[in-house]
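Enquirer: protein_24.cif is the file, holding mmCIF, C-alpha atoms:
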data_model
loop_
_atom_site.group_PDB
_atom_site.id
_atom_site.type_symbol
_atom_site.label_atom_id
_atom_site.label_comp_id
_atom_site.auth_asym_id
_atom_site.auth_seq_id
_atom_site.Cartn_x
_atom_site.Cartn_y
_atom_site.Cartn_z
ATOM 1 C CA MET T 1 100.401 -67.136 -111.193
ATOM 2 C CA THR T 2 97.860 -69.865 -110.761
ATOM 3 C CA GLY T 3 94.268 -69.422 -109.726
ATOM 4 C CA GLN T 4 95.018 -70.916 -106.317
ATOM 5 C CA GLN T 5 97.811 -68.398 -105.691
ATOM 6 C CA ASN T 6 95.516 -65.554 -106.719
ATOM 7 C CA SER T 7 92.866 -66.866 -104.346
ATOM 8 C CA LEU T 8 95.354 -66.940 -101.464
ATOM 9 C CA ILE T 9 96.457 -63.375 -102.205
ATOM 10 C CA ILE T 10 92.855 -62.151 -102.395
ATOM 11 C CA ARG T 11 91.946 -63.892 -99.137
ATOM 12 C CA GLY T 12 95.010 -62.368 -97.445
ATOM 13 C CA LEU T 13 94.136 -58.894 -98.690
ATOM 14 C CA ASP T 14 90.528 -59.366 -97.635
ATOM 15 C CA LYS T 15 91.638 -60.326 -94.135
ATOM 16 C CA ILE T 16 93.893 -57.254 -93.906
ATOM 17 C CA LEU T 17 91.076 -54.999 -95.134
ATOM 18 C CA TYR T 18 88.647 -56.622 -92.684
ATOM 19 C CA ILE T 19 91.002 -55.862 -89.792
ATOM 20 C CA LEU T 20 91.480 -52.301 -91.062
ATOM 21 C CA ASP T 21 87.690 -51.906 -91.304
ATOM 22 C CA ARG T 22 87.275 -53.070 -87.711
ATOM 23 C CA VAL T 23 89.915 -50.582 -86.509
ATOM 24 C CA LEU T 24 88.312 -47.725 -88.455
ATOM 25 C CA VAL T 25 84.799 -48.575 -87.218
ATOM 26 C CA THR T 26 86.144 -48.645 -83.662
ATOM 27 C CA LEU T 27 87.645 -45.191 -84.205
ATOM 28 C CA ALA T 28 84.335 -43.989 -85.687
ATOM 29 C CA CYS T 29 82.502 -45.257 -82.600
ATOM 30 C CA LEU T 30 85.039 -43.523 -80.374
ATOM 31 C CA ALA T 31 84.585 -40.266 -82.306
ATOM 32 C CA LEU T 32 80.797 -40.576 -81.960
ATOM 33 C CA PHE T 33 81.162 -41.157 -78.210
ATOM 34 C CA ILE T 34 83.403 -38.091 -77.939
ATOM 35 C CA ILE T 35 80.760 -36.071 -79.805
ATOM 36 C CA MET T 36 78.123 -37.178 -77.284
ATOM 37 C CA VAL T 37 80.341 -36.277 -74.321
ATOM 38 C CA ILE T 38 81.203 -32.848 -75.752
ATOM 39 C CA VAL T 39 77.563 -32.050 -76.538
ATOM 40 C CA PHE T 40 76.461 -33.186 -73.070
ATOM 41 C CA PHE T 41 79.000 -31.008 -71.275
ATOM 42 C CA ASP T 42 78.400 -28.114 -73.676
ATOM 43 C CA VAL T 43 74.667 -28.148 -72.905
ATOM 44 C CA LEU T 44 75.382 -28.554 -69.201
ATOM 45 C CA SER T 45 77.811 -25.642 -69.266
ATOM 46 C CA ARG T 46 75.444 -23.492 -71.315
ATOM 47 C CA TYR T 47 72.362 -23.896 -69.125
ATOM 48 C CA LEU T 48 73.949 -24.199 -65.694
ATOM 49 C CA PHE T 49 76.795 -21.687 -65.970
ATOM 50 C CA ASN T 50 75.742 -19.637 -69.005
ATOM 51 C CA ALA T 51 79.150 -20.357 -70.544
ATOM 52 C CA PRO T 52 78.965 -22.591 -73.616
ATOM 53 C CA PHE T 53 82.095 -24.048 -75.195
ATOM 54 C CA SER T 54 83.175 -21.827 -78.071
ATOM 55 C CA TRP T 55 85.181 -24.592 -79.740
ATOM 56 C CA SER T 56 82.672 -27.470 -79.699
ATOM 57 C CA TYR T 57 80.855 -26.667 -82.960
ATOM 58 C CA THR T 58 84.101 -26.438 -84.935
ATOM 59 C CA LEU T 59 85.602 -29.587 -83.456
ATOM 60 C CA ILE T 60 82.442 -31.629 -83.967
ATOM 61 C CA GLY T 61 81.501 -30.282 -87.393
ATOM 62 C CA PHE T 62 84.897 -30.217 -89.036
ATOM 63 C CA TYR T 63 86.722 -33.132 -87.471
ATOM 64 C CA LEU T 64 84.676 -35.606 -85.473
ATOM 65 C CA MET T 65 81.677 -35.905 -87.831
ATOM 66 C CA THR T 66 84.060 -36.223 -90.766
ATOM 67 C CA ALA T 67 85.900 -39.006 -88.955
ATOM 68 C CA VAL T 68 82.648 -40.800 -88.140
ATOM 69 C CA PHE T 69 81.516 -40.658 -91.762
ATOM 70 C CA PHE T 70 84.737 -41.592 -93.530
ATOM 71 C CA PHE T 71 85.903 -44.177 -91.002
ATOM 72 C CA ALA T 72 82.594 -46.049 -91.188
ATOM 73 C CA ILE T 73 81.891 -45.825 -94.923
ATOM 74 C CA SER T 74 84.075 -48.752 -96.017
ATOM 75 C CA ASP T 75 82.436 -51.023 -93.457
ATOM 76 C CA GLY T 76 79.048 -49.932 -94.740
ATOM 77 C CA PHE T 77 80.045 -50.883 -98.268
ATOM 78 C CA ARG T 78 81.465 -54.232 -97.118
ATOM 79 C CA TYR T 79 78.141 -55.260 -95.558
ATOM 80 C CA GLN T 80 75.954 -53.319 -98.022
ATOM 81 C CA ALA T 81 74.491 -51.345 -95.138
ATOM 82 C CA HIS T 82 74.276 -48.085 -97.064
ATOM 83 C CA VAL T 83 70.973 -46.550 -98.035
ATOM 84 C CA LYS T 84 69.652 -47.796 -101.333
ATOM 85 C CA ILE T 85 66.340 -47.904 -103.128
ATOM 86 C CA ASP T 86 65.552 -51.497 -103.925
ATOM 87 C CA PHE T 87 61.775 -51.771 -104.111
ATOM 88 C CA MET T 88 61.928 -52.013 -107.927
ATOM 89 C CA SER T 89 65.299 -53.700 -108.328
ATOM 90 C CA HIS T 90 63.685 -57.145 -108.441
ATOM 91 C CA TYR T 91 62.021 -56.206 -111.730
ATOM 92 C CA ILE T 92 65.279 -55.125 -113.414
ATOM 93 C CA PRO T 93 67.356 -57.820 -115.142
ATOM 94 C CA LEU T 94 70.419 -58.908 -113.172
ATOM 95 C CA ARG T 95 72.990 -57.675 -115.726
ATOM 96 C CA LEU T 96 71.339 -54.262 -115.994
ATOM 97 C CA ARG T 97 71.170 -54.021 -112.191
ATOM 98 C CA ALA T 98 74.879 -54.944 -111.940
ATOM 99 C CA LEU T 99 75.693 -52.301 -114.550
ATOM 100 C CA ALA T 100 73.708 -49.654 -112.647
ATOM 101 C CA VAL T 101 75.441 -50.552 -109.379
ATOM 102 C CA SER T 102 78.846 -50.433 -111.095
ATOM 103 C CA VAL T 103 78.117 -47.005 -112.586
ATOM 104 C CA GLY T 104 76.965 -45.783 -109.158
ATOM 105 C CA TYR T 105 80.102 -47.070 -107.437
ATOM 106 C CA PHE T 106 82.285 -45.535 -110.144
ATOM 107 C CA ALA T 107 80.511 -42.185 -109.776
ATOM 108 C CA GLY T 108 80.968 -42.407 -106.001
ATOM 109 C CA ALA T 109 84.668 -43.130 -106.452
ATOM 110 C CA VAL T 110 85.014 -40.083 -108.720
ATOM 111 C CA VAL T 111 83.269 -37.860 -106.154
ATOM 112 C CA ILE T 112 85.460 -39.167 -103.328
ATOM 113 C CA TYR T 113 88.540 -38.579 -105.484
ATOM 114 C CA LEU T 114 87.463 -34.991 -106.155
ATOM 115 C CA TRP T 115 86.762 -34.414 -102.441
ATOM 116 C CA SER T 116 90.127 -35.851 -101.513
ATOM 117 C CA ASN T 117 91.894 -33.776 -104.134
ATOM 118 C CA GLN T 118 90.247 -30.574 -102.892
ATOM 119 C CA ALA T 119 91.083 -31.479 -99.295
ATOM 120 C CA LEU T 120 94.714 -32.027 -100.265
ATOM 121 C CA LEU T 121 94.863 -28.679 -102.077
ATOM 122 C CA ARG T 122 93.308 -26.873 -99.099
ATOM 123 C CA MET T 123 95.722 -28.578 -96.727
ATOM 124 C CA GLN T 124 98.716 -27.589 -98.872
ATOM 125 C CA SER T 125 97.427 -24.008 -99.113
ATOM 126 C CA ALA T 126 96.913 -23.784 -95.359
ATOM 127 C CA TYR T 127 100.349 -25.253 -94.699
ATOM 128 C CA LEU T 128 102.148 -22.884 -97.065
ATOM 129 C CA ASN T 129 100.296 -19.751 -95.964
#
I'd like the structure from this file rewritten - as structure tokens, please.
Expert:
Amino acid sequence: MTGQQNSLIIRGLDKILYILDRVLVTLACLALFIIMVIVFFDVLSRYLFNAPFSWSYTLIGFYLMTAVFFFAISDGFRYQAHVKIDFMSHYIPLRLRALAVSVGYFAGAVVIYLWSNQALLRMQSAYLN
């Protein structure tokens, strides 16, 4: 494969991932909106009718907040919008800084793999039992 063919493949994959990121961010925004609506009506129901929703905490904490976080994380990485400490990074040599960022991303990938693996095991256990 030539360099030009590789470039076309990478640009095509980047476009597909960009579209997927937009869809996932839209779903994250929708989940956040649903959280706001549920909390609003839960508070309204609690203080006006003294009957809070018993299911709202579970739905928000286990599903909707998880969706907001994981659906938006790839977009945050694409635009480097995640929280980072950079007040001293200008004093670190570029290669050392790149190495530190690479180690951090690798460690993050390992943690996400472990989370995903545990989630899969819990899902299989819940399905079989």
Enquirer: Check which residues satisfy the PyMOL selection byres ((chain T and resi 75-86) around 9) in the file shown, then give them as a list of chain:residue names.
Expert: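 Applied to this file, the PyMOL selection byres ((chain T and resi 75-86) around 9) returns T:Tyr18, T:Asp21, T:Arg22, T:Leu24, T:Val25, T:Phe71, T:Ala72, T:Ile73, T:Ser74, T:Phe87, T:Met88, T:Ser89, T:His90.
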Enquirer: Filtering to C-alpha atoms, could you give me those residues as a PDB file, in the frame of the given file?
Expert:
ATOM      1  CA  TYR T  18      88.647 -56.622 -92.684  1.00  0.00           C
ATOM      2  CA  ASP T  21      87.690 -51.906 -91.304  1.00  0.00           C
ATOM      3  CA  ARG T  22      87.275 -53.070 -87.711  1.00  0.00           C
ATOM      4  CA  LEU T  24      88.312 -47.725 -88.455  1.00  0.00           C
ATOM      5  CA  VAL T  25      84.799 -48.575 -87.218  1.00  0.00           C
ATOM      6  CA  PHE T  71      85.903 -44.177 -91.002  1.00  0.00           C
ATOM      7  CA  ALA T  72      82.594 -46.049 -91.188  1.00  0.00           C
ATOM      8  CA  ILE T  73      81.891 -45.825 -94.923  1.00  0.00           C
ATOM      9  CA  SER T  74      84.075 -48.752 -96.017  1.00  0.00           C
ATOM     10  CA  PHE T  87      61.775 -51.771-104.111  1.00  0.00           C
ATOM     11  CA  MET T  88      61.928 -52.013-107.927  1.00  0.00           C
ATOM     12  CA  SER T  89      65.299 -53.700-108.328  1.00  0.00           C
ATOM     13  CA  HIS T  90      63.685 -57.145-108.441  1.00  0.00           C
TER      14      HIS T  90
END
Enquirer: How far is it from CA of Leu59 (chain T) to CA of Ala31 (chain T), in Å with one decimal?
Expert: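 Atom-to-atom, CA of Leu59 (chain T) and CA of Ala31 (chain T) are spaced 10.8 Å apart.
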Enquirer: Calculate how many Å separate CA of Val39 (chain T) from CA of Thr26 (chain T), rounding to one decimal.
Expert: 20.0 Å
Enquirer: Could you jot down the CA of Ile60 (chain T) to CA of Arg46 (chain T) separation for me, Å, one decimal place?
Expert: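 Here the two named atoms are 16.6 Å from each other.
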Enquirer: Nearest to Val68 (chain T): which of T:Ser125, T:Leu114, T:Phe33, T:Gly108 is it, counting all atoms listed in the file?
Expert: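 The closest residue to Val68 (chain T) is T:Phe33.
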Enquirer: Edge lengths and centre, in Å to one decimal, as AutoDock Vina command-line options: that's what I need for the box along x, y and z that holds all listed atoms of region 82-95 of chain T plus 5 Å on each side.
Expert:
--center_x 68.0 --center_y -52.7 --center_z -106.4 --size_x 22.5 --size_y 22.4 --size_z 28.7
Enquirer: I'd like to know which of T:Leu48, T:Cys29, T:Ile35, T:Ile16 is closest to Phe70 (chain T), using all atoms listed in the file.
Expert: T:Cys29
